[in-house]
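data11.cif follows (mmCIF, C-alpha atoms):
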data_protein
#
loop_
_atom_site.label_atom_id
_atom_site.label_comp_id
_atom_site.auth_asym_id
_atom_site.auth_seq_id
_atom_site.Cartn_x
_atom_site.Cartn_y
_atom_site.Cartn_z
CA MET U 1 -89.52 -111.99 99.07
CA GLY U 2 -86.55 -114.15 100.15
CA ILE U 3 -83.48 -115.30 98.27
CA SER U 4 -81.65 -118.65 98.41
CA CYS U 5 -78.00 -119.16 99.46
CA GLN U 6 -77.12 -120.31 95.90
CA GLU U 7 -78.50 -117.06 94.51
CA VAL U 8 -76.45 -115.08 97.01
CA TRP U 9 -73.24 -116.92 96.04
CA ARG U 10 -73.95 -116.17 92.41
CA GLU U 11 -73.98 -112.46 93.24
CA VAL U 12 -70.94 -112.32 95.54
CA SER U 13 -68.76 -110.42 93.04
CA ASN U 14 -71.51 -107.99 92.12
CA TYR U 15 -72.29 -107.44 95.79
CA LEU U 16 -68.65 -106.71 96.67
CA GLU U 17 -68.23 -104.40 93.68
CA ASP U 18 -71.48 -102.62 94.47
CA ASN U 19 -72.82 -103.55 91.09
CA LEU U 20 -76.37 -104.55 92.02
CA ASP U 21 -79.71 -102.88 91.68
CA PRO U 22 -80.90 -101.52 95.03
CA VAL U 23 -83.76 -104.01 95.39
CA LEU U 24 -81.53 -107.08 94.95
CA ARG U 25 -78.91 -105.59 97.24
CA ALA U 26 -81.48 -105.02 99.97
CA THR U 27 -82.75 -108.58 99.55
CA ILE U 28 -79.24 -110.01 99.92
CA GLU U 29 -78.53 -107.91 102.98
CA GLU U 30 -81.71 -109.12 104.53
CA HIS U 31 -80.60 -112.70 103.81
CA LEU U 32 -77.16 -112.09 105.32
CA GLN U 33 -78.70 -110.98 108.58
CA ARG U 34 -80.02 -114.45 109.19
CA CYS U 35 -77.46 -116.64 107.29
CA LYS U 36 -74.03 -117.16 108.88
CA HIS U 37 -72.78 -119.27 105.98
CA CYS U 38 -73.43 -116.64 103.38
CA THR U 39 -71.99 -113.95 105.66
CA ALA U 40 -68.81 -116.07 105.97
CA VAL U 41 -68.65 -116.45 102.22
CA ILE U 42 -69.05 -112.71 101.64
CA ASP U 43 -66.56 -111.73 104.37
CA GLY U 44 -64.02 -114.32 103.28
CA THR U 45 -64.23 -113.31 99.63
CA ARG U 46 -63.85 -109.66 100.57
CA ASN U 47 -60.71 -110.58 102.53
CA VAL U 48 -59.32 -112.48 99.55
CA VAL U 49 -59.84 -109.54 97.22
CA GLN U 50 -58.36 -107.14 99.74
CA LEU U 51 -55.29 -109.25 100.47
CA TYR U 52 -54.43 -109.99 96.85
CA GLY U 53 -55.06 -106.41 95.86
CA ASP U 54 -52.45 -105.14 98.30
CA ARG U 55 -49.37 -103.63 96.69
CA ARG U 56 -47.16 -105.82 98.86
CA MET U 57 -48.27 -108.80 96.83
CA LEU U 58 -46.30 -107.32 93.94
CA GLU U 59 -42.92 -108.09 95.42
CA VAL U 60 -40.03 -108.26 92.97
CA PRO U 61 -36.65 -109.98 93.38
CA LEU U 62 -33.75 -107.91 94.68
CA GLY U 63 -32.05 -106.00 91.86
CA PHE U 64 -34.90 -106.61 89.42
CA SER U 65 -35.20 -102.98 88.45
CA GLN U 66 -31.46 -102.52 87.87
CA ARG U 67 -31.26 -105.63 85.70
CA LEU U 68 -34.29 -104.52 83.73
CA HIS U 69 -32.81 -101.09 83.08
CA ALA U 70 -29.46 -102.61 82.09
CA ARG U 71 -31.21 -104.87 79.57
CA LEU U 72 -33.11 -101.90 78.21
CA GLN U 73 -29.95 -99.84 77.92
CA ALA U 74 -28.21 -102.62 76.00
CA ASN U 75 -31.06 -102.65 73.49
CA MET U 76 -31.60 -98.93 73.06
CA PRO U 77 -30.30 -97.10 70.01
CA PRO U 78 -27.56 -94.55 70.80
CA PRO U 79 -28.95 -91.13 71.70
CA ARG U 80 -29.25 -88.74 68.78
CA PRO U 81 -27.33 -85.48 69.03
CA ARG U 82 -29.76 -82.76 69.83
CA GLY U 83 -29.68 -79.34 68.22
CA THR U 84 -31.44 -76.05 68.61
CA ALA U 85 -33.79 -74.64 66.00
CA TRP U 86 -30.99 -72.30 64.81
CA GLY U 87 -28.70 -75.31 64.50
CA TRP U 88 -31.14 -76.92 62.11
CA VAL U 89 -31.44 -73.67 60.13
CA PHE U 90 -27.64 -73.43 59.74
CA ALA U 91 -27.40 -77.09 58.77
CA ALA U 92 -30.08 -76.63 56.10
CA ALA U 93 -28.37 -73.49 54.76
CA ALA U 94 -25.00 -75.28 54.54
CA SER U 95 -26.61 -78.16 52.66
CA LEU U 96 -28.14 -75.73 50.18
CA LEU U 97 -24.78 -74.05 49.62
CA ILE U 98 -23.04 -77.36 48.92
CA VAL U 99 -25.72 -78.61 46.56
CA GLY U 100 -25.91 -75.22 44.84
CA GLY U 101 -22.13 -75.21 44.38
CA PHE U 102 -22.22 -78.58 42.64
CA GLU U 103 -25.05 -77.47 40.41
CA LEU U 104 -23.27 -74.27 39.44
CA GLY U 105 -20.04 -76.15 38.75
CA ASN U 106 -21.83 -78.56 36.45
CA SER U 107 -23.83 -75.83 34.75
CA ALA U 108 -23.34 -75.31 30.98
CA ALA U 109 -23.53 -71.56 31.60
CA PHE U 110 -20.30 -71.73 33.59
CA THR U 111 -17.09 -71.16 31.57
CA GLY U 112 -13.65 -71.51 33.03
CA PRO U 113 -11.17 -68.61 33.34
CA GLU U 114 -9.25 -67.57 30.24
CA LEU U 115 -5.82 -69.23 30.09
CA ARG U 116 -3.06 -66.81 31.14
CA SER U 117 -0.40 -68.00 28.67
CA GLU U 118 -0.68 -68.70 24.98
CA HIS U 119 1.58 -71.72 25.60
CA ALA U 120 -1.18 -73.24 27.67
CA ILE U 121 -3.45 -73.42 24.66
CA PRO U 122 -3.52 -76.98 23.35
CA ALA U 123 -1.42 -77.11 20.21
CA THR U 124 -3.60 -79.44 18.28
CA ASN U 125 -6.33 -76.83 18.32
CA HIS U 126 -4.53 -74.84 15.63
CA MET U 127 -2.58 -77.44 13.73
CA PRO U 128 -3.57 -77.87 10.11
CA PRO U 129 -4.72 -81.46 10.03
CA ASP U 130 -3.46 -81.98 6.47
CA LEU U 131 0.09 -80.76 7.18
CA LEU U 132 2.59 -83.40 6.02
CA VAL U 133 5.23 -84.45 8.56
CA VAL U 134 7.96 -87.12 8.71
CA VAL U 135 8.15 -89.83 11.31
CA ALA U 136 10.53 -92.74 11.88
CA LYS U 137 8.78 -96.05 12.19
CA ASP U 138 10.10 -96.88 15.69
CA GLY U 139 10.37 -93.26 16.90
CA LYS U 140 8.15 -91.13 19.08
CA VAL U 141 8.68 -87.76 17.42
CA PHE U 142 7.57 -86.25 14.15
CA HIS U 143 9.66 -83.74 12.18
CA GLY U 144 9.12 -80.91 9.78
CA ALA U 145 11.65 -82.49 7.36
CA ALA U 146 13.55 -85.78 6.98
CA ALA U 147 16.85 -83.78 7.08
CA CYS U 148 16.49 -83.13 10.79
CA PRO U 149 19.57 -84.65 12.53
CA PHE U 150 17.39 -85.81 15.39
CA MET U 151 15.61 -88.10 13.04
CA HIS U 152 16.27 -91.75 13.99
CA ASP U 153 16.40 -94.66 11.58
CA LYS U 154 15.91 -92.69 8.44
CA ASN U 155 15.52 -95.89 6.49
CA LYS U 156 12.23 -96.43 8.14
CA GLU U 157 10.82 -92.92 7.79
CA ARG U 158 7.42 -92.31 6.46
CA VAL U 159 5.32 -89.30 5.68
CA MET U 160 1.89 -88.78 7.02
CA LYS U 161 -0.56 -86.07 7.88
CA ALA U 162 0.07 -84.28 11.19
CA SER U 163 -3.38 -85.26 12.46
CA GLU U 164 -2.58 -88.95 11.89
CA ALA U 165 0.83 -88.58 13.58
CA ILE U 166 -0.81 -87.05 16.64
CA ARG U 167 -3.47 -89.76 16.67
CA GLU U 168 -0.72 -92.43 16.61
CA GLY U 169 0.99 -90.85 19.60
CA TYR U 170 3.88 -88.89 17.97
CA VAL U 171 5.00 -85.56 19.45
CA PRO U 172 6.72 -82.65 17.61
CA CYS U 173 10.52 -82.41 17.36
CA THR U 174 11.88 -79.55 19.52
CA ARG U 175 14.87 -78.87 17.18
CA CYS U 176 12.68 -78.29 14.20
CA MET U 177 10.66 -75.91 16.28
CA LYS U 178 13.75 -74.10 17.70
CA GLN U 179 15.18 -73.52 14.27
CA TYR U 180 11.93 -72.06 13.18
CA LEU U 181 11.74 -69.75 16.17
CA SER U 182 15.38 -68.51 15.75
CA ALA U 183 14.94 -67.82 12.07
CA ASN U 184 11.84 -65.74 12.59
CA LEU U 185 13.11 -63.81 15.70
CA ILE U 186 9.72 -63.64 17.05
CA ALA U 187 7.99 -65.35 19.86
CA PRO U 188 5.50 -67.33 18.00
CA SER U 189 2.73 -68.94 19.91
CA PHE U 190 3.16 -72.55 20.73
CA GLN U 191 0.83 -73.57 18.00
CA TRP U 192 0.98 -76.31 15.54
CA GLY U 193 0.54 -73.65 12.85
CA ILE U 194 4.32 -73.21 12.89
CA MET U 195 4.66 -76.54 11.21
CA ASP U 196 3.75 -74.79 7.98
CA GLU U 197 6.95 -72.78 8.34
CA LEU U 198 8.94 -75.80 9.49
CA ALA U 199 7.83 -77.63 6.45
CA GLY U 200 9.24 -74.72 4.38
CA MET U 201 12.66 -74.88 6.14
CA HIS U 202 13.03 -78.61 5.82
CA PRO U 203 11.23 -79.59 2.70
CA VAL U 204 9.76 -83.01 3.01
CA GLN U 205 11.58 -85.41 0.82
CA MET D 1 -62.26 -89.93 95.58
CA LEU D 2 -61.98 -86.73 93.58
CA ALA D 3 -58.34 -86.33 94.59
CA ALA D 4 -57.57 -89.87 93.42
CA ALA D 5 -59.32 -89.25 90.11
CA LEU D 6 -57.36 -86.03 89.62
CA GLU D 7 -54.13 -87.84 90.48
CA ASN D 8 -54.89 -90.57 87.95
CA SER D 9 -55.72 -87.99 85.33
CA ALA D 10 -52.42 -86.17 85.98
CA GLU D 11 -50.52 -89.46 85.75
CA GLU D 12 -52.14 -90.32 82.46
CA SER D 13 -51.41 -86.87 81.08
CA ASN D 14 -47.78 -87.21 82.15
CA GLU D 15 -47.65 -90.63 80.50
CA GLU D 16 -49.03 -89.21 77.26
CA THR D 17 -46.34 -86.54 77.26
CA LEU D 18 -43.62 -89.09 77.96
CA ILE D 19 -44.85 -91.41 75.23
CA ARG D 20 -44.94 -88.57 72.70
CA ARG D 21 -41.39 -87.52 73.57
CA ILE D 22 -40.14 -91.11 73.42
CA ARG D 23 -41.68 -91.48 69.99
CA ASN D 24 -39.87 -88.30 68.95
CA GLY D 25 -36.52 -89.83 69.83
CA GLU D 26 -35.99 -89.17 73.55
CA HIS D 27 -35.60 -92.88 74.21
CA GLU D 28 -34.04 -92.49 77.65
CA LEU D 29 -37.42 -91.27 78.96
CA PHE D 30 -38.70 -94.81 78.61
CA TYR D 31 -37.07 -95.63 81.97
CA GLU D 32 -39.26 -93.01 83.59
CA LEU D 33 -42.36 -94.28 81.80
CA ILE D 34 -41.82 -97.88 82.82
CA ARG D 35 -40.73 -97.39 86.44
CA PRO D 36 -44.22 -97.22 88.07
CA HIS D 37 -45.24 -100.43 86.27
CA GLU D 38 -42.23 -102.66 86.86
CA ARG D 39 -43.67 -104.50 89.85
CA ARG D 40 -46.94 -105.19 88.08
CA VAL D 41 -45.17 -106.54 85.03
CA TYR D 42 -43.13 -108.92 87.13
CA ALA D 43 -46.17 -109.98 89.17
CA ALA D 44 -48.14 -110.75 86.02
CA ALA D 45 -45.33 -112.85 84.62
CA PHE D 46 -44.74 -114.65 87.92
CA ALA D 47 -48.41 -115.47 88.45
CA ILE D 48 -48.49 -117.30 85.13
CA LEU D 49 -45.03 -118.88 85.16
CA ARG D 50 -44.56 -119.45 88.90
CA ASN D 51 -40.84 -119.31 88.59
CA GLU D 52 -38.75 -116.29 89.56
CA ALA D 53 -36.09 -116.65 86.87
CA ASP D 54 -38.61 -117.23 84.08
CA ALA D 55 -40.82 -114.40 85.34
CA GLU D 56 -37.92 -111.96 85.38
CA GLU D 57 -36.82 -112.91 81.89
CA VAL D 58 -40.34 -112.65 80.52
CA ALA D 59 -40.84 -109.32 82.29
CA GLN D 60 -37.70 -108.00 80.61
CA GLU D 61 -38.81 -109.31 77.24
CA ALA D 62 -42.22 -107.69 77.66
CA VAL D 63 -40.72 -104.31 78.56
CA LEU D 64 -38.34 -104.47 75.60
CA LYS D 65 -41.21 -105.36 73.32
CA ALA D 66 -43.18 -102.40 74.65
CA PHE D 67 -40.24 -100.12 73.94
CA LYS D 68 -39.78 -101.39 70.41
CA ASN D 69 -43.50 -101.13 69.66
CA ILE D 70 -44.24 -97.87 71.45
CA ARG D 71 -45.44 -96.37 68.16
CA GLN D 72 -48.18 -98.98 68.00
CA PHE D 73 -49.61 -97.98 71.37
CA ARG D 74 -53.00 -96.36 70.95
CA ALA D 75 -53.95 -93.61 73.35
CA GLU D 76 -57.46 -94.97 73.87
CA ALA D 77 -56.01 -97.73 76.09
CA ARG D 78 -54.13 -97.19 79.32
CA PHE D 79 -50.40 -97.73 78.97
CA SER D 80 -50.43 -100.07 81.99
CA THR D 81 -53.15 -102.21 80.40
CA TRP D 82 -51.24 -102.42 77.14
CA LEU D 83 -48.07 -103.35 78.99
CA ILE D 84 -49.75 -106.06 81.06
CA GLN D 85 -51.35 -107.41 77.90
CA ILE D 86 -47.91 -107.78 76.31
CA THR D 87 -46.60 -109.43 79.49
CA VAL D 88 -49.46 -111.92 79.66
CA ASN D 89 -48.94 -112.84 75.99
CA GLU D 90 -45.21 -113.27 76.48
CA ALA D 91 -45.73 -115.41 79.60
CA ARG D 92 -48.28 -117.56 77.80
CA MET D 93 -45.90 -118.08 74.89
CA ARG D 94 -43.12 -119.07 77.28
CA LYS D 95 -45.43 -121.48 79.02
CA ARG D 96 -46.47 -123.09 75.76
CA LYS D 97 -42.84 -123.40 74.81
CA ASP D 98 -42.08 -125.17 78.07
CA HIS D 99 -45.05 -127.51 77.64
CA ALA D 100 -46.17 -126.64 81.12
CA HIS D 101 -49.65 -126.00 79.79
CA ILE D 102 -50.33 -129.73 79.63
CA MET D 103 -50.47 -129.92 83.40
CA GLU D 104 -52.46 -126.71 83.46
CA ALA D 105 -55.01 -128.02 81.02
CA MET D 106 -55.58 -130.96 83.32
CA ALA D 107 -55.95 -128.71 86.32
CA ASP D 108 -58.30 -126.44 84.36
CA HIS D 109 -60.71 -129.19 83.55
CA ARG D 110 -63.44 -127.90 85.77
CA ASP D 111 -67.05 -127.21 85.14
CA GLU D 112 -67.37 -123.51 84.38
CA GLU D 113 -71.05 -123.63 83.58
CA GLY D 114 -72.51 -124.74 86.91
CA ASP D 115 -72.57 -122.66 90.06
CA TYR D 116 -69.66 -122.97 92.43
CA THR D 117 -70.59 -124.20 95.86
CA PRO D 118 -68.42 -122.94 98.72
CA ARG D 119 -67.07 -125.75 100.87
CA ASP D 120 -65.96 -123.89 103.94
CA PHE D 121 -68.30 -121.70 105.96
CA ALA D 122 -66.06 -120.79 108.83
CA ASP D 123 -66.36 -117.27 110.06
CA TRP D 124 -63.42 -115.46 108.54
CA ARG D 125 -63.22 -112.08 110.11
CA GLU D 126 -61.23 -109.26 108.65
CA ILE D 127 -57.52 -110.02 108.29
CA PRO D 128 -55.19 -107.22 109.27
CA SER D 129 -53.26 -106.19 106.20
CA GLU D 130 -50.11 -106.16 108.35
CA THR D 131 -50.02 -109.93 107.93
CA LEU D 132 -48.74 -109.28 104.42
CA GLU D 133 -45.51 -108.00 105.93
CA ARG D 134 -44.75 -111.64 106.59
CA SER D 135 -43.23 -113.31 103.58
CA GLU D 136 -44.72 -116.72 104.50
CA ILE D 137 -48.21 -115.23 104.21
CA ARG D 138 -47.41 -113.79 100.80
CA GLU D 139 -45.99 -117.13 99.72
CA ALA D 140 -49.12 -118.91 100.94
CA LEU D 141 -51.29 -116.57 98.90
CA THR D 142 -49.09 -117.06 95.84
CA ARG D 143 -49.23 -120.84 96.18
CA ALA D 144 -53.01 -120.75 96.55
CA LEU D 145 -53.20 -118.86 93.28
CA THR D 146 -51.32 -121.64 91.54
CA VAL D 147 -53.86 -124.24 92.58
CA ILE D 148 -57.00 -122.78 91.03
CA GLY D 149 -56.14 -123.34 87.35
CA GLU D 150 -54.77 -121.08 84.68
CA LYS D 151 -57.94 -119.59 83.25
CA TYR D 152 -59.21 -118.56 86.69
CA GLN D 153 -55.80 -117.46 87.81
CA GLU D 154 -55.33 -115.14 84.83
CA VAL D 155 -58.66 -113.43 85.27
CA PHE D 156 -58.17 -113.03 89.01
CA LEU D 157 -54.66 -111.76 88.53
CA LEU D 158 -55.65 -109.11 85.99
CA ARG D 159 -58.75 -107.96 87.80
CA ASP D 160 -57.92 -108.24 91.51
CA VAL D 161 -54.13 -107.99 91.55
CA GLN D 162 -53.46 -105.74 88.56
CA HIS D 163 -56.76 -103.86 89.01
CA LEU D 164 -57.75 -103.88 85.35
CA THR D 165 -61.41 -103.27 84.60
CA ILE D 166 -63.67 -106.12 83.49
CA GLU D 167 -63.51 -104.81 79.92
CA GLU D 168 -59.71 -104.47 79.95
CA THR D 169 -59.38 -107.97 81.37
CA ALA D 170 -61.64 -109.34 78.65
CA LYS D 171 -59.66 -107.56 75.96
CA THR D 172 -56.33 -108.72 77.34
CA LEU D 173 -57.41 -112.35 77.50
CA LYS D 174 -59.51 -112.15 74.32
CA ILE D 175 -62.63 -113.49 76.04
CA SER D 176 -66.08 -112.02 76.64
CA THR D 177 -66.90 -109.85 79.64
CA ALA D 178 -69.45 -112.48 80.69
CA ALA D 179 -66.68 -115.11 80.78
CA VAL D 180 -64.52 -112.74 82.82
CA LYS D 181 -67.28 -112.28 85.39
CA THR D 182 -67.97 -116.01 85.64
CA ARG D 183 -64.32 -116.95 86.01
CA LEU D 184 -63.65 -114.12 88.43
CA LEU D 185 -66.45 -115.24 90.75
CA ARG D 186 -65.23 -118.83 90.72
CA ALA D 187 -61.61 -117.76 91.26
CA ARG D 188 -62.57 -115.66 94.26
CA LEU D 189 -64.71 -118.39 95.81
CA MET D 190 -62.07 -121.06 95.21
CA LEU D 191 -59.38 -118.90 96.78
CA ARG D 192 -61.64 -118.20 99.72
CA ASP D 193 -62.09 -121.92 100.22
CA LEU D 194 -58.37 -122.54 99.95
CA LEU D 195 -57.46 -119.77 102.36
CA SER D 196 -60.39 -119.90 104.72
CA PRO D 197 -59.23 -120.53 108.29
CA GLY D 198 -61.66 -123.36 108.88
CA LEU D 199 -63.26 -124.00 112.21
CA GLY D 200 -61.08 -122.55 114.94
CA GLY D 201 -58.32 -121.60 112.44
CA SER D 202 -56.20 -118.52 112.64
CA TRP D 203 -54.15 -116.56 110.12
CA SER D 204 -51.42 -115.81 112.54
CA SER D 205 -50.63 -119.13 114.17
CA ARG D 206 -50.55 -121.78 111.43
CA LEU D 207 -48.81 -120.99 108.21
CA SER D 208 -47.83 -124.22 106.51
CA PHE D 209 -49.68 -124.58 103.22
CA VAL D 210 -49.98 -127.44 100.83
CA LYS D 211 -52.63 -128.14 98.27
CA GLY D 212 -55.86 -129.04 100.03
CA ALA D 213 -54.72 -127.68 103.38
CA LYS D 214 -55.01 -124.23 104.87
CA PRO D 215 -51.97 -122.10 105.66
CA TRP D 216 -52.94 -121.93 109.29
CA GLU D 217 -53.70 -125.59 109.85
#
Do you think you could lay out the structure here as structure tokens?
Amino acid sequence: MGISCQEVWREVSNYLEDNLDPVLRATIEEHLQRCKHCTAVIDGTRNVVQLYGDRRMLEVPLGFSQRLHARLQANMPPPRPRGTAWGWVFAAAASLLIVGGFELGNSAAFTGPELRSEHAIPATNHMPPDLLVVVAKDGKVFHGAAACPFMHDKNKERVMKASEAIREGYVPCTRCMKQYLSANLIAPSFQWGIMDELAGMHPVQ
Amino acid sequence: MLAAALENSAEESNEETLIRRIRNGEHELFYELIRPHERRVYAAAFAILRNEADAEEVAQEAVLKAFKNIRQFRAEARFSTWLIQITVNEARMRKRKDHAHIMEAMADHRDEEGDYTPRDFADWREIPSETLERSEIREALTRALTVIGEKYQEVFLLRDVQHLTIEETAKTLKISTAAVKTRLLRARLMLRDLLSPGLGGSWSSRLSFVKGAKPWE
């Protein structure tokens, strides 16, 4: 059974790609033996495919590759520092130590070292809050008694509780304290408990 | 045949390794991954845009896009196919932006349904591939490709120049495999007509080429 030229042209691609069933292929080959036109079409198409498929058809402009790589480089993130497995282990251990240190420092179970000197103990911790002291209105110091010569502006003195004086920003008079220490010949602790004694030396008027 | 298949398999395996390492942060390996495909990327862009400067820019954009989206690459496709697909999309977008597609649409207005009838039946014997060493021959082939219309040109380019399979070509262009086969046949026959030597013609002696004329006439 024969085949027409139109049918052969329809199968040119399949013929060239060897994608035909054997019967149709044999029929076409039989046709080609007696048809110069179809042979020219097949040969010419094969040449076209062969020529365009050649790698030399993929010519690029001079310097294309270098420019492409430069563009890539400009858009790449900076390289990450690389480490060994041990490096990662050490880094993780260091992180744990830091975090653990913070946690321990903030822990309620942690108590600070005992203060070395009794003088370092905050005075207000031991001061009787109801102890009566004397202050001058415009002064910064409170006294055990109004007779203290360091007392300024005695016309404006007033008596108040030690706790109130502290709250208002007054500090104790050093003379009153020195007198107390000399009289007792002891090294009393720097506590606001001495104000009881001071109050006895310089009775509040 | 077996050696070529083994070589391809080794290349693909090497590509897989490179891609995995690039994804894991060894970005500089992307140069190595892309090097064997650079020419094909440029050729794909040039075939669509027909302008060296535009083709180079689009090729660069496509490669950058591939780098930035390397995590989206799926191993079931070939890397080269994926890369060419990106390039074709980028080139098409550039072309739309430049409004060049209007002229293309006019040139593409051909009957795809009916059979294509060859117009030249001159005996075209085998052409020595050495002729491709001559730049004027390569230019003639490139110009012929620009005459046949975009939809034929794209299919021909992907299948016969880039050597994608019919299925890969269809996927890249988002058309059916039947459409790929039809367009490919017409593209080949049109190019044969355009490049056929004609009666008494010769590849080697006449090289001027304008639309409607043969390079050797």
(request) Report the residues retrieved by the PyMOL selection byres ((chain U) within 10 of (chain D)) from the displayed file, expressed as a count of residues only. (result) 51
Of U:Ile166, U:Ile28, U:Met160, U:Cys173, the one nearest to U:Gly144 when counting all atoms listed in the file is U:Cys173
Edge lengths and centre in Å to one decimal, as JSON, is what I'm after for the box along x, y and z that holds all listed atoms of stretch 67-71 of chain U once 5 Å is added on each side.
{"center_x": -31.9, "center_y": -103.4, "center_z": 82.6, "size_x": 14.8, "size_y": 14.5, "size_z": 16.1}
Who sits within 9 Å of U:Arg158, only C-alpha atoms, same chain under 6 positions skipped, as number ranges by chain
U: 133-137, 146
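Between atom CA of D:Thr172 and atom CA of D:Leu18 there is a distance of 23.4 Å.
Atom CA of U:Ala74 to atom CA of D:Ala77 spans 28.2 Å [interatomic distance, one decimal].
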Counting only C-alpha atoms, closest pick from U:Asn155, U:Cys176, U:Glu168, U:Ser163 relative to U:His143 is U:Cys176
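The two atoms in question, atom CA of D:Ala47 and atom CA of D:Glu168, are spaced 17.9 Å apart.
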| said: If the PyMOL selection byres ((chain D and resi 73) around 12) were run on this exact file, what residues would it hold? Put them as a ChimeraX atom specification. | reply: /D:15-16,19-20,22-23,65-72,74-83,85-86
